[in-house]
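The next block is final11.cif, given as mmCIF, C-alpha atoms and all ligand atoms.
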```
data_input
loop_
_atom_site.label_atom_id
_atom_site.label_comp_id
_atom_site.auth_asym_id
_atom_site.auth_seq_id
_atom_site.Cartn_x
_atom_site.Cartn_y
_atom_site.Cartn_z
CA MET F 1 220.76 20.84 -37.77
CA LYS F 2 220.68 20.97 -41.62
CA THR F 3 218.16 23.56 -42.88
CA GLU F 4 219.45 24.24 -46.42
CA LYS F 5 216.20 23.18 -48.12
CA SER F 6 214.13 25.41 -45.81
CA LEU F 7 216.42 28.33 -46.61
CA ARG F 8 216.13 27.74 -50.36
CA LEU F 9 212.34 27.58 -50.13
CA TYR F 10 212.27 30.67 -47.89
CA LYS F 11 214.18 32.69 -50.49
CA LYS F 12 211.65 31.66 -53.13
CA ALA F 13 208.69 32.28 -50.81
CA VAL F 14 209.72 35.85 -49.98
CA SER F 15 209.60 36.69 -53.70
CA LEU F 16 205.98 35.52 -53.82
CA MET F 17 204.40 36.30 -50.42
CA PRO F 18 204.97 39.15 -47.91
CA GLY F 19 207.64 37.87 -45.51
CA GLY F 20 207.45 34.50 -47.29
CA VAL F 21 204.54 33.44 -45.08
CA ASN F 22 200.77 33.48 -44.99
CA SER F 23 200.57 34.58 -41.38
CA PRO F 24 203.12 36.93 -39.76
CA VAL F 25 204.00 35.00 -36.59
CA ARG F 26 205.30 32.10 -38.74
CA ALA F 27 208.18 34.25 -40.02
CA PHE F 28 210.24 33.87 -36.80
CA LYS F 29 210.64 37.68 -36.61
CA ALA F 30 210.25 37.54 -32.81
CA VAL F 31 213.01 34.95 -32.37
CA GLY F 32 215.36 35.59 -35.31
CA GLY F 33 216.53 33.17 -37.96
CA ASN F 34 214.42 31.92 -40.85
CA PRO F 35 211.25 29.87 -40.67
CA LEU F 36 211.41 26.12 -41.23
CA PHE F 37 209.33 24.77 -44.08
CA ILE F 38 207.30 21.78 -42.98
CA ALA F 39 206.97 18.63 -45.09
CA ARG F 40 204.58 16.59 -42.93
CA ALA F 41 203.38 15.86 -39.41
CA LYS F 42 202.08 12.82 -37.53
CA GLY F 43 200.91 12.59 -33.93
CA SER F 44 203.12 14.80 -31.73
CA LYS F 45 205.85 15.11 -34.36
CA ILE F 46 206.41 17.62 -37.15
CA TYR F 47 209.06 17.16 -39.88
CA ASP F 48 210.74 19.94 -41.86
CA VAL F 49 211.78 19.65 -45.52
CA ASP F 50 215.36 18.82 -44.46
CA GLY F 51 214.07 15.77 -42.62
CA ASN F 52 214.53 17.16 -39.10
CA GLN F 53 211.99 15.86 -36.58
CA TYR F 54 210.53 18.00 -33.79
CA ILE F 55 208.18 17.38 -30.90
CA ASP F 56 205.47 19.94 -31.73
CA TYR F 57 203.98 22.20 -29.01
CA VAL F 58 202.54 24.70 -31.53
CA LEU F 59 200.05 22.21 -33.08
CA SER F 60 199.06 24.80 -35.71
CA TRP F 61 198.45 27.34 -32.86
CA GLY F 62 196.02 25.09 -31.03
CA PRO F 63 193.73 23.13 -33.40
CA LEU F 64 195.54 19.76 -33.40
CA ILE F 65 194.51 18.70 -29.87
CA LEU F 66 194.37 15.05 -31.06
CA GLY F 67 197.83 15.32 -32.61
CA HIS F 68 198.57 15.55 -36.34
CA ALA F 69 196.87 13.27 -38.90
CA HIS F 70 194.79 11.35 -36.36
CA PRO F 71 193.75 8.08 -38.13
CA GLN F 72 190.03 8.52 -37.37
CA VAL F 73 190.06 12.08 -38.75
CA VAL F 74 192.08 11.12 -41.84
CA ARG F 75 189.80 8.14 -42.62
CA ALA F 76 186.68 10.28 -42.34
CA LEU F 77 188.17 13.05 -44.49
CA LYS F 78 189.21 10.62 -47.24
CA LYS F 79 185.64 9.28 -47.36
CA ALA F 80 184.01 12.73 -47.21
CA VAL F 81 186.09 14.23 -50.02
CA GLU F 82 184.77 11.56 -52.42
CA ASN F 83 181.31 13.07 -51.94
CA GLY F 84 182.51 16.48 -53.09
CA THR F 85 184.05 19.32 -51.10
CA SER F 86 181.49 22.12 -50.94
CA TYR F 87 177.91 22.58 -52.07
CA GLY F 88 177.00 26.08 -50.90
CA ALA F 89 173.84 24.51 -49.50
CA PRO F 90 172.88 23.08 -46.11
CA THR F 91 174.15 19.59 -45.17
CA PRO F 92 173.46 17.19 -42.30
CA LEU F 93 177.11 17.58 -41.22
CA GLU F 94 176.53 21.18 -40.11
CA ILE F 95 173.72 19.97 -37.83
CA GLU F 96 176.01 17.29 -36.43
CA LEU F 97 178.87 19.67 -35.61
CA ALA F 98 176.53 22.37 -34.24
CA THR F 99 174.97 19.74 -31.95
CA LEU F 100 178.39 18.60 -30.69
CA VAL F 101 179.41 22.22 -30.00
CA LYS F 102 176.16 22.98 -28.16
CA LYS F 103 176.65 19.89 -25.94
CA ALA F 104 180.02 21.26 -24.81
CA PHE F 105 178.87 24.90 -24.55
CA PRO F 106 175.34 25.06 -23.03
CA SER F 107 175.48 28.91 -23.25
CA ILE F 108 175.39 28.53 -27.03
CA GLU F 109 171.69 28.17 -27.79
CA LYS F 110 172.20 28.93 -31.48
CA LEU F 111 175.36 29.31 -33.56
CA ARG F 112 176.65 30.26 -36.99
CA MET F 113 179.64 28.53 -38.65
CA VAL F 114 182.25 30.72 -40.34
CA ASN F 115 185.78 30.07 -41.67
CA SER F 116 188.09 31.59 -39.06
CA GLY F 117 188.29 33.00 -35.58
CA THR F 118 188.54 36.49 -37.03
CA GLU F 119 185.25 36.07 -38.89
CA ALA F 120 183.68 34.82 -35.67
CA THR F 121 184.74 37.80 -33.54
CA MET F 122 184.05 40.36 -36.28
CA SER F 123 180.53 38.99 -36.71
CA ALA F 124 179.86 38.73 -32.97
CA ILE F 125 180.74 42.41 -32.54
CA ARG F 126 178.47 43.46 -35.42
CA LEU F 127 175.70 41.35 -33.85
CA ALA F 128 176.20 42.90 -30.40
CA ARG F 129 176.00 46.37 -31.94
CA GLY F 130 172.86 45.39 -33.84
CA PHE F 131 171.27 43.95 -30.71
CA THR F 132 172.05 46.87 -28.38
CA LYS F 133 171.99 49.67 -30.98
CA ARG F 134 175.15 50.96 -29.28
CA ASN F 135 178.56 51.33 -30.95
CA LYS F 136 181.43 51.14 -28.50
CA VAL F 137 183.43 47.97 -27.82
CA ILE F 138 185.63 47.29 -24.80
CA LYS F 139 188.66 45.08 -25.37
CA PHE F 140 191.71 44.47 -23.18
CA GLU F 141 195.35 45.34 -23.85
CA GLY F 142 197.26 42.31 -25.12
CA CYS F 143 194.18 40.32 -26.05
CA TYR F 144 194.06 39.34 -29.73
CA HIS F 145 190.75 38.61 -31.44
CA GLY F 146 191.93 38.20 -35.03
CA HIS F 147 192.68 40.98 -37.50
CA VAL F 148 189.38 42.85 -37.08
CA ASP F 149 190.01 46.50 -38.05
CA GLY F 150 188.39 47.98 -34.98
CA LEU F 151 190.30 45.66 -32.63
CA LEU F 152 193.80 46.24 -34.01
CA VAL F 153 194.32 48.73 -31.22
CA SER F 154 197.02 49.16 -28.61
CA ALA F 155 196.68 51.05 -25.38
CA GLY F 156 197.32 54.76 -25.76
CA SER F 157 199.76 56.54 -23.54
CA GLY F 158 198.96 56.63 -19.83
CA GLY F 159 195.51 55.75 -18.66
CA ALA F 160 193.86 56.84 -21.90
CA THR F 161 190.98 54.47 -22.54
CA PHE F 162 191.03 55.22 -26.27
CA GLY F 163 193.87 53.45 -28.00
CA VAL F 164 196.06 53.88 -31.05
CA PRO F 165 195.94 51.67 -34.15
CA ASP F 166 198.54 48.89 -34.11
CA SER F 167 198.28 48.45 -37.85
CA LEU F 168 198.59 50.79 -40.80
CA GLY F 169 195.38 51.11 -42.76
CA VAL F 170 193.07 51.28 -39.75
CA PRO F 171 191.35 54.68 -39.88
CA LEU F 172 191.15 56.55 -36.55
CA SER F 173 187.38 56.68 -37.10
CA TYR F 174 187.30 52.86 -36.95
CA ILE F 175 189.00 52.70 -33.59
CA SER F 176 187.18 55.70 -32.10
CA GLU F 177 184.54 53.20 -31.02
CA THR F 178 187.05 50.94 -29.28
CA ILE F 179 187.85 51.35 -25.58
CA ILE F 180 190.98 49.52 -24.52
CA LEU F 181 191.53 48.63 -20.84
CA PRO F 182 194.15 46.75 -18.83
CA PHE F 183 193.38 43.03 -18.42
CA ASN F 184 192.67 41.95 -14.81
CA ASP F 185 192.02 45.56 -13.73
CA THR F 186 188.50 45.39 -12.27
CA ALA F 187 188.53 48.94 -10.86
CA THR F 188 189.28 50.58 -14.23
CA PHE F 189 186.73 48.35 -15.92
CA LYS F 190 183.98 49.24 -13.44
CA SER F 191 184.63 52.99 -13.61
CA THR F 192 184.80 52.96 -17.44
CA VAL F 193 181.53 51.04 -17.78
CA LYS F 194 179.84 53.31 -15.23
CA LYS F 195 180.84 56.32 -17.32
CA HIS F 196 180.28 55.04 -20.87
CA TRP F 197 177.70 52.25 -20.53
CA LYS F 198 175.07 54.05 -22.65
CA ASP F 199 177.40 53.77 -25.67
CA ILE F 200 178.87 50.34 -25.01
CA ALA F 201 177.55 47.47 -27.14
CA CYS F 202 179.85 44.75 -25.89
CA VAL F 203 182.90 43.66 -23.98
CA ILE F 204 185.07 41.11 -25.80
CA VAL F 205 187.67 39.20 -23.80
CA GLU F 206 189.93 36.17 -23.99
CA PRO F 207 188.81 34.62 -20.66
CA VAL F 208 192.30 33.13 -20.41
CA VAL F 209 194.68 35.21 -22.53
CA GLY F 210 196.69 33.10 -24.95
CA ASN F 211 198.08 36.01 -26.99
CA MET F 212 200.36 37.50 -24.38
CA GLY F 213 201.85 34.12 -23.59
CA CYS F 214 199.32 32.62 -21.17
CA ILE F 215 197.74 34.94 -18.59
CA LEU F 216 195.08 33.79 -16.15
CA PRO F 217 192.15 35.93 -15.00
CA ARG F 218 192.44 37.13 -11.38
CA GLU F 219 190.00 35.50 -8.98
CA ASP F 220 186.99 37.82 -9.53
CA PHE F 221 187.84 39.46 -12.88
CA LEU F 222 185.48 37.44 -15.10
CA GLU F 223 182.74 37.59 -12.48
CA VAL F 224 183.00 41.40 -12.40
CA LEU F 225 182.80 41.51 -16.22
CA ARG F 226 179.65 39.37 -16.07
CA ARG F 227 178.00 41.34 -13.26
CA GLU F 228 178.72 44.80 -14.70
CA THR F 229 177.70 43.88 -18.26
CA ASP F 230 174.47 42.38 -16.92
CA LYS F 231 173.79 45.57 -14.94
CA TYR F 232 174.10 47.84 -17.99
CA GLY F 233 172.69 45.60 -20.76
CA ILE F 234 176.11 45.19 -22.38
CA VAL F 235 176.75 42.00 -24.39
CA LEU F 236 179.57 39.91 -22.87
CA ILE F 237 181.52 38.10 -25.60
CA PHE F 238 183.99 35.36 -24.61
CA ASP F 239 186.52 34.90 -27.36
CA GLU F 240 187.19 31.18 -26.84
CA VAL F 241 188.81 30.64 -30.23
CA MET F 242 191.89 29.42 -28.38
CA THR F 243 190.47 28.41 -24.97
CA GLY F 244 187.52 26.45 -26.39
CA PHE F 245 188.00 22.70 -25.74
CA ARG F 246 191.48 23.58 -24.42
CA VAL F 247 191.01 25.11 -20.96
CA SER F 248 188.43 22.34 -20.51
CA PHE F 249 185.96 20.48 -22.72
CA GLY F 250 183.53 23.39 -22.25
CA GLY F 251 186.25 26.03 -22.49
CA ALA F 252 187.06 28.74 -19.96
CA GLN F 253 183.36 29.43 -19.34
CA GLN F 254 182.93 25.89 -17.97
CA PHE F 255 186.14 26.04 -15.93
CA TYR F 256 185.37 29.47 -14.39
CA ARG F 257 181.58 28.92 -14.41
CA ILE F 258 180.78 32.25 -16.08
CA LYS F 259 178.06 32.34 -18.72
CA PRO F 260 178.78 34.84 -21.54
CA ASP F 261 176.05 36.14 -23.86
CA LEU F 262 178.03 35.23 -26.99
CA THR F 263 180.99 32.89 -27.52
CA CYS F 264 183.46 32.86 -30.41
CA LEU F 265 185.11 29.54 -31.32
CA GLY F 266 187.69 28.37 -33.86
CA LYS F 267 190.84 26.22 -34.05
CA VAL F 268 189.87 22.93 -32.32
CA ILE F 269 186.31 22.88 -33.75
CA GLY F 270 187.80 22.63 -37.24
CA GLY F 271 190.19 19.81 -36.27
CA GLY F 272 192.87 21.47 -38.41
CA LEU F 273 190.57 22.70 -41.20
CA PRO F 274 189.23 26.28 -41.48
CA VAL F 275 186.26 26.59 -39.12
CA GLY F 276 185.15 29.38 -36.81
CA ALA F 277 181.80 29.85 -35.09
CA TYR F 278 179.93 32.41 -33.04
CA GLY F 279 176.86 31.70 -30.98
CA GLY F 280 174.99 32.28 -27.76
CA LYS F 281 171.62 33.49 -26.55
CA LYS F 282 168.74 32.70 -28.97
CA GLU F 283 167.40 36.20 -28.39
CA ILE F 284 170.61 37.70 -29.79
CA MET F 285 171.38 35.08 -32.46
CA SER F 286 167.86 35.48 -33.90
CA LEU F 287 169.07 38.82 -35.30
CA VAL F 288 171.54 37.10 -37.65
CA ALA F 289 170.47 37.04 -41.33
CA PRO F 290 168.38 35.55 -42.80
CA GLU F 291 166.34 35.29 -39.54
CA GLY F 292 167.18 38.86 -38.58
CA ARG F 293 168.80 41.98 -39.99
CA VAL F 294 172.45 41.59 -38.93
CA TYR F 295 174.12 40.51 -42.16
CA GLN F 296 176.92 37.93 -42.26
CA ALA F 297 177.70 35.35 -44.95
CA GLY F 298 180.41 33.03 -46.33
CA THR F 299 180.85 30.91 -49.45
CA LEU F 300 182.58 28.03 -47.68
CA SER F 301 180.98 28.40 -44.25
CA GLY F 302 180.00 24.94 -42.91
CA ASN F 303 181.56 23.09 -45.85
CA PRO F 304 181.35 19.30 -45.50
CA ILE F 305 185.12 18.68 -45.39
CA ALA F 306 185.81 21.12 -42.55
CA MET F 307 182.69 19.93 -40.74
CA THR F 308 183.93 16.32 -41.01
CA ALA F 309 187.28 17.14 -39.40
CA GLY F 310 185.52 19.05 -36.64
CA ILE F 311 182.97 16.30 -36.02
CA GLU F 312 185.56 13.53 -35.72
CA THR F 313 187.70 15.70 -33.42
CA LEU F 314 184.82 16.60 -31.10
CA LYS F 315 183.59 12.98 -31.05
CA ILE F 316 186.96 11.90 -29.64
CA LEU F 317 187.07 14.88 -27.26
CA SER F 318 183.58 13.96 -26.00
CA ARG F 319 184.86 10.62 -24.66
CA PRO F 320 185.12 10.86 -20.81
CA GLU F 321 188.71 9.54 -20.64
CA THR F 322 190.08 12.12 -23.12
CA TYR F 323 190.43 15.06 -20.73
CA LYS F 324 191.80 12.85 -17.97
CA GLU F 325 194.57 11.82 -20.40
CA LEU F 326 195.19 15.43 -21.52
CA GLU F 327 195.27 16.60 -17.89
CA SER F 328 197.86 14.01 -16.85
CA LYS F 329 200.09 14.78 -19.87
CA MET F 330 199.94 18.50 -19.07
CA ASN F 331 200.68 17.85 -15.36
CA HIS F 332 203.68 15.71 -16.36
CA LEU F 333 205.02 18.49 -18.61
CA GLU F 334 204.35 21.24 -16.06
CA GLU F 335 206.11 19.43 -13.21
CA GLY F 336 209.02 18.53 -15.47
CA LEU F 337 209.58 22.04 -16.84
CA LYS F 338 209.29 23.69 -13.41
CA ASP F 339 211.73 21.17 -11.94
CA ALA F 340 214.16 21.63 -14.86
CA ALA F 341 214.17 25.43 -14.38
CA PHE F 342 214.69 25.01 -10.62
CA ARG F 343 217.60 22.56 -11.10
CA ALA F 344 219.14 24.90 -13.70
CA ALA F 345 218.62 27.85 -11.30
CA VAL F 346 216.83 29.91 -13.97
CA ASN F 347 214.09 32.40 -13.00
CA VAL F 348 211.02 31.16 -14.83
CA LYS F 349 207.29 31.74 -14.33
CA PHE F 350 205.19 28.93 -15.78
CA TYR F 351 201.46 29.38 -16.36
CA ARG F 352 198.89 26.91 -17.68
CA ALA F 353 195.16 26.65 -18.16
CA GLY F 354 194.05 23.16 -19.16
CA THR F 355 196.24 22.22 -22.14
CA ILE F 356 197.50 25.76 -22.82
CA PHE F 357 200.79 26.82 -21.22
CA CYS F 358 203.59 29.36 -21.32
CA THR F 359 207.05 30.01 -19.82
CA TYR F 360 208.19 33.57 -19.02
CA PHE F 361 211.74 34.46 -18.01
CA THR F 362 210.99 36.64 -15.02
CA ASP F 363 210.68 36.38 -11.24
CA LYS F 364 207.56 38.58 -11.12
CA GLU F 365 203.97 37.37 -11.52
CA VAL F 366 202.71 38.00 -15.08
CA VAL F 367 199.16 39.38 -14.85
CA ASP F 368 198.76 41.70 -17.85
CA ALA F 369 200.42 43.07 -21.02
CA LYS F 370 202.79 45.30 -19.05
CA THR F 371 204.20 42.56 -16.84
CA ALA F 372 204.38 40.17 -19.81
CA LYS F 373 206.43 42.70 -21.79
CA ASN F 374 208.75 43.19 -18.80
CA SER F 375 209.86 39.56 -18.99
CA ASP F 376 213.25 38.78 -20.53
CA THR F 377 212.34 38.29 -24.20
CA GLU F 378 216.03 38.09 -25.18
CA LYS F 379 216.36 35.03 -22.97
CA PHE F 380 213.18 33.62 -24.51
CA LYS F 381 214.72 33.97 -28.00
CA ARG F 382 217.78 31.95 -26.92
CA PHE F 383 215.53 29.40 -25.19
CA PHE F 384 213.43 29.01 -28.35
CA MET F 385 216.51 28.45 -30.55
CA GLY F 386 218.11 26.06 -28.06
CA MET F 387 214.97 23.94 -27.87
CA LEU F 388 214.51 23.98 -31.66
CA GLN F 389 218.06 22.80 -32.29
CA LYS F 390 217.49 19.91 -29.88
CA GLY F 391 214.27 18.87 -31.66
CA VAL F 392 211.54 20.62 -29.65
CA TYR F 393 209.31 23.09 -31.51
CA ILE F 394 207.68 25.70 -29.26
CA ALA F 395 205.91 28.90 -30.37
CA PRO F 396 208.38 31.34 -32.03
CA SER F 397 207.31 34.22 -29.79
CA GLN F 398 207.18 34.93 -26.06
CA PHE F 399 203.70 36.34 -26.60
CA GLU F 400 202.21 33.11 -27.87
CA ALA F 401 201.06 30.06 -25.94
CA GLY F 402 202.13 26.40 -26.05
CA PHE F 403 199.74 23.47 -26.57
CA ILE F 404 199.84 19.75 -25.82
CA SER F 405 197.92 16.97 -27.57
CA LEU F 406 196.59 13.48 -26.92
CA ALA F 407 199.46 12.21 -29.09
CA HIS F 408 202.27 13.50 -26.81
CA THR F 409 203.71 10.44 -25.09
CA ASP F 410 205.53 10.16 -21.75
CA SER F 411 208.80 9.73 -23.66
CA ASP F 412 208.06 12.91 -25.70
CA ILE F 413 207.54 14.77 -22.42
CA GLU F 414 210.61 13.26 -20.75
CA LYS F 415 212.73 14.24 -23.80
CA THR F 416 211.23 17.76 -23.70
CA VAL F 417 212.14 18.14 -20.02
CA ARG F 418 215.71 16.87 -20.60
CA VAL F 419 216.13 19.29 -23.53
CA ALA F 420 214.64 22.17 -21.50
CA TYR F 421 217.07 21.49 -18.61
CA LYS F 422 220.07 21.55 -21.00
CA THR F 423 218.77 24.73 -22.67
CA PHE F 424 218.03 26.47 -19.35
CA LYS F 425 221.63 25.64 -18.31
CA GLU F 426 222.97 27.15 -21.57
CA LEU F 427 221.12 30.41 -20.83
P1 LIG F 501 192.01 33.17 -36.89
O1 LIG F 501 191.35 34.24 -37.72
O2 LIG F 501 193.52 33.23 -36.96
O3 LIG F 501 191.46 31.77 -37.16
O4 LIG F 501 191.62 33.42 -35.35
C1 LIG F 501 191.90 34.68 -34.79
C2 LIG F 501 191.95 34.56 -33.29
C3 LIG F 501 190.88 34.99 -32.55
N1 LIG F 501 190.87 34.91 -31.19
C4 LIG F 501 191.93 34.37 -30.53
C5 LIG F 501 191.89 34.29 -29.04
C6 LIG F 501 193.06 33.90 -31.24
O5 LIG F 501 194.11 33.37 -30.56
C7 LIG F 501 193.07 33.98 -32.65
C8 LIG F 501 194.26 33.50 -33.48
N2 LIG F 501 195.41 33.13 -32.74
C9 LIG F 501 196.68 33.23 -33.44
C10 LIG F 501 197.77 32.76 -32.47
N3 LIG F 501 197.91 33.61 -31.38
C11 LIG F 501 196.70 32.44 -34.70
C12 LIG F 501 198.07 32.27 -35.30
C13 LIG F 501 198.33 33.22 -36.41
O6 LIG F 501 197.88 34.38 -36.34
O7 LIG F 501 199.00 32.79 -37.36
#
```
Write out the structure in this file as C-alpha cells.
Ligand code: KE4
Amino acid sequence: MKTEKSLRLYKKAVSLMPGGVNSPVRAFKAVGGNPLFIARAKGSKIYDVDGNQYIDYVLSWGPLILGHAHPQVVRALKKAVENGTSYGAPTPLEIELATLVKKAFPSIEKLRMVNSGTEATMSAIRLARGFTKRNKVIKFEGCYHGHVDGLLVSAGSGGATFGVPDSLGVPLSYISETIILPFNDTATFKSTVKKHWKDIACVIVEPVVGNMGCILPREDFLEVLRRETDKYGIVLIFDEVMTGFRVSFGGAQQFYRIKPDLTCLGKVIGGGLPVGAYGGKKEIMSLVAPEGRVYQAGTLSGNPIAMTAGIETLKILSRPETYKELESKMNHLEEGLKDAAFRAAVNVKFYRAGTIFCTYFTDKEVVDAKTAKNSDTEKFKRFFMGMLQKGVYIAPSQFEAGFISLAHTDSDIEKTVRVAYKTFKEL
C-alpha cells in the first residue's frame, strides 16, 4: 500500500500542529505507524491522498450514519450556503432541527444547540449545578464526555472515589468535585450516593460506553442510576453524543427505556458538521440564559449550514425503513465477524449496541475499564494494521468503537468479513 504522499503531508503537518493532527486519536499513537491523510469520501468508502480506498467503519467517529456525502445532504448544503453561512441571529432551521430531535427524544422538552459534544456536556454539568446548588459530579471510569476540565479524571488507586487528573493543566481543585466510580458497579454507586448525596449535583454517564471500545450496561445498572438519583434529587445526565440515533433512533434511553433528566447529543445530529446539543426537563432547561441565570453562549451555535446537514440527516433517519436497514447490515457484519474469528480460532469478544460495535481480543467478558484494559491490545494493533492494509479502516485504538452506515453494502460487509478472517489467521 503506497502512502508516500500521506507521509510527506504528515511531516509538514507536525511542524504546524501538535502531533500533526487536530484531535489526538487521529495520530495513530495507539496502533503505531503514521496517520493517513484523507482526500475524499463517498458512501461507505474513504480515499487517502495516495489514492488508496478503504471501507470506512470510523465514519468520523460516528456522525456519518448515512454514509459520506449523501446526495440529499450535499444538495441541501449547496443550496443553504448560497443564503449565507451564519447570521448570529435566530433562524427557522434551528426550530426545524430542535423539533426533529424532540420527536426522537421525548425526554428532551427543551434544548440548546452548541458546536460540539464537549460544549454540550460542559454546559449540562453547569446547568445541573445551577439547578441543584450542589457541586459534585459522579462520572464512571473509562467514560469520555469530551475534554471538560473537571471530567479529565482517571480512577485513583484502589477504591478511592476521588480520581487523579488524566491531563496536565487540570488543577486538583477542579477535580476535587469529581467522584469517579467503576462502570456497571451498582453497589459502589449506591453506597457513594448514600454517603455524598447532599453534595452531588449530577451523575453523567455514557448509557452504552463507546470510549472503552463498546461496553454494555449490566441488566439493572441504568435503572439503579435512575432510581437512586430520583431518590436524592440528583440530576441524571445521559451523554448520548455517541449513542444518540445510533443505539436506536431514540438513543440508549429509548432502547433501555430509562428517562434521564438531561441528555447530551452531538455527532449524528450535525450530519458531519459541528453540532452538539443539551436538553431535557423544562424545569431545568428554564435556568439556561437568557431565560434563567445559568450562562452559556456560542457565536456559531445553531448556524444554518450545520442545522441543514442535521435536518437532512434526521429526516432520512426518521423514515421507518431506515433502522430496519441499519439493523440488518449490523447483524450481517456481527455474524460474519464472529464466524470469521471462530473459523480462525482466535479468542475474540464482540459487542454491539445498535450500529455501534467493538472487537476485543480476550476470552473474558468486558464489563468495565479494567476488563477492557486487560484485553490483548498488542493483538488489536496487529489486527488494525492488517485490516488497513487490506482496505478496511477501523478505529485506530482498541478503546474506540466501530460504526456502520446506511451506505455499507452487502459486498462491503462480505469483503470486510473475508479480510477479517485472513487477518485473524495472520495473528
Ligand atoms: P466532541 O467535543 O468531540 O464533539 O464530543 C465529545 C464527546 C462527548 N461524549 C462522548 C460519549 C463522546 O464519544 C465524545 C467524543 N468522542 C470521540 C471518540 N471517542 C471523538 C473523537 C475525537 O476525540 O477525535
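One distance worth recording is that between atom CA of F:Arg382 and atom CA of F:Arg418, which is 16.5 Å.
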Show me a table, sorted first by chain and then by increasing residue number, of the residues of stretch 159-276 of chain F having an atom at most 10 Å from stretch 335-359 of chain F, each with its shortest atom pair and the distance in Å to one decimal, counting only C-alpha atoms and written as JSON lines.
```
{"residue": "F:Val208", "atom": "CA", "partner": "F:Ala353", "partner_atom": "CA", "distance": 7.4}
{"residue": "F:Val209", "atom": "CA", "partner": "F:Ala353", "partner_atom": "CA", "distance": 9.6}
{"residue": "F:Gly210", "atom": "CA", "partner": "F:Ile356", "partner_atom": "CA", "distance": 7.7}
{"residue": "F:Met212", "atom": "CA", "partner": "F:Cys358", "partner_atom": "CA", "distance": 9.3}
{"residue": "F:Gly213", "atom": "CA", "partner": "F:Cys358", "partner_atom": "CA", "distance": 5.6}
{"residue": "F:Cys214", "atom": "CA", "partner": "F:Cys358", "partner_atom": "CA", "distance": 5.4}
{"residue": "F:Ile215", "atom": "CA", "partner": "F:Tyr351", "partner_atom": "CA", "distance": 7.1}
{"residue": "F:Leu216", "atom": "CA", "partner": "F:Ala353", "partner_atom": "CA", "distance": 7.4}
{"residue": "F:Met242", "atom": "CA", "partner": "F:Ile356", "partner_atom": "CA", "distance": 8.7}
{"residue": "F:Thr243", "atom": "CA", "partner": "F:Ile356", "partner_atom": "CA", "distance": 7.8}
{"residue": "F:Phe245", "atom": "CA", "partner": "F:Gly354", "partner_atom": "CA", "distance": 9.0}
{"residue": "F:Arg246", "atom": "CA", "partner": "F:Thr355", "partner_atom": "CA", "distance": 5.5}
{"residue": "F:Val247", "atom": "CA", "partner": "F:Gly354", "partner_atom": "CA", "distance": 4.0}
{"residue": "F:Ser248", "atom": "CA", "partner": "F:Gly354", "partner_atom": "CA", "distance": 5.8}
{"residue": "F:Phe249", "atom": "CA", "partner": "F:Gly354", "partner_atom": "CA", "distance": 9.2}
{"residue": "F:Gly251", "atom": "CA", "partner": "F:Gly354", "partner_atom": "CA", "distance": 9.0}
{"residue": "F:Ala252", "atom": "CA", "partner": "F:Ala353", "partner_atom": "CA", "distance": 8.6}
{"residue": "F:Phe255", "atom": "CA", "partner": "F:Gly354", "partner_atom": "CA", "distance": 9.0}
```
Restricting the output to C-alpha atoms, write the selected residues as an mmCIF file, keeping the file's coordinate frame.
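result-v9.cif, written as the output of this step:
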```
data_model
loop_
_atom_site.group_PDB
_atom_site.id
_atom_site.type_symbol
_atom_site.label_atom_id
_atom_site.label_comp_id
_atom_site.auth_asym_id
_atom_site.auth_seq_id
_atom_site.Cartn_x
_atom_site.Cartn_y
_atom_site.Cartn_z
ATOM 1 C CA VAL F 208 192.300 33.130 -20.410
ATOM 2 C CA VAL F 209 194.680 35.210 -22.530
ATOM 3 C CA GLY F 210 196.690 33.100 -24.950
ATOM 4 C CA MET F 212 200.360 37.500 -24.380
ATOM 5 C CA GLY F 213 201.850 34.120 -23.590
ATOM 6 C CA CYS F 214 199.320 32.620 -21.170
ATOM 7 C CA ILE F 215 197.740 34.940 -18.590
ATOM 8 C CA LEU F 216 195.080 33.790 -16.150
ATOM 9 C CA MET F 242 191.890 29.420 -28.380
ATOM 10 C CA THR F 243 190.470 28.410 -24.970
ATOM 11 C CA PHE F 245 188.000 22.700 -25.740
ATOM 12 C CA ARG F 246 191.480 23.580 -24.420
ATOM 13 C CA VAL F 247 191.010 25.110 -20.960
ATOM 14 C CA SER F 248 188.430 22.340 -20.510
ATOM 15 C CA PHE F 249 185.960 20.480 -22.720
ATOM 16 C CA GLY F 251 186.250 26.030 -22.490
ATOM 17 C CA ALA F 252 187.060 28.740 -19.960
ATOM 18 C CA PHE F 255 186.140 26.040 -15.930
#
```
6 Å shell around ligand LIG 501 (chain F) using only C-alpha atoms and all ligand atoms, listed as a PyMOL selection string: chain F and resi 23+25+61+116-118+144-146+206+211+239+241-242+400
One-decimal distance in Å that lies between atom CA of F:Pro274 and atom CA of F:Leu300: 9.3 Å
For F:Phe384: contacts at 12 Å, all atoms listed in the file, fewer than 2 positions along chain excluded, given as a VMD selection string: chain F and resid 28 30 to 33 57 359 to 361 377 to 382 386 to 398 400 402 419 to 420 423 to 424 426 to 427
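Each of F:Ile311, F:Ser107, F:Thr416, F:Glu240 was compared to F:Ile95 using all atoms listed in the file, and F:Ile311 turns out to be the nearest.
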For atom CA of F:Glu4 and atom CA of F:His68, the interatomic separation in Å (one decimal): 24.8 Å
Neighbours of point (179.1, 41.7, -15.7) within 10 Å, using all atoms listed in the file, written as a ChimeraX atom specification: /F:190,193,203,221-236,258-260
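Here the question is which of F:Ile404, F:Ala369, F:Ile125, F:Cys264 gets nearest to F:Gly142 using all atoms listed in the file, and that residue is F:Ala369.
Excluding F:Gly62 itself and any same-chain residue fewer than 5 positions from it, the protein and nucleic acid residues within 7 Å of it, counting all atoms listed in the file, are Met242, Lys267, Val268 and Phe403 of chain F.
Distances here use all atoms listed in the file; by that measure, the residue among F:Arg75, F:His70, F:Lys2, F:Lys282 closest to F:Ala41 is F:His70.
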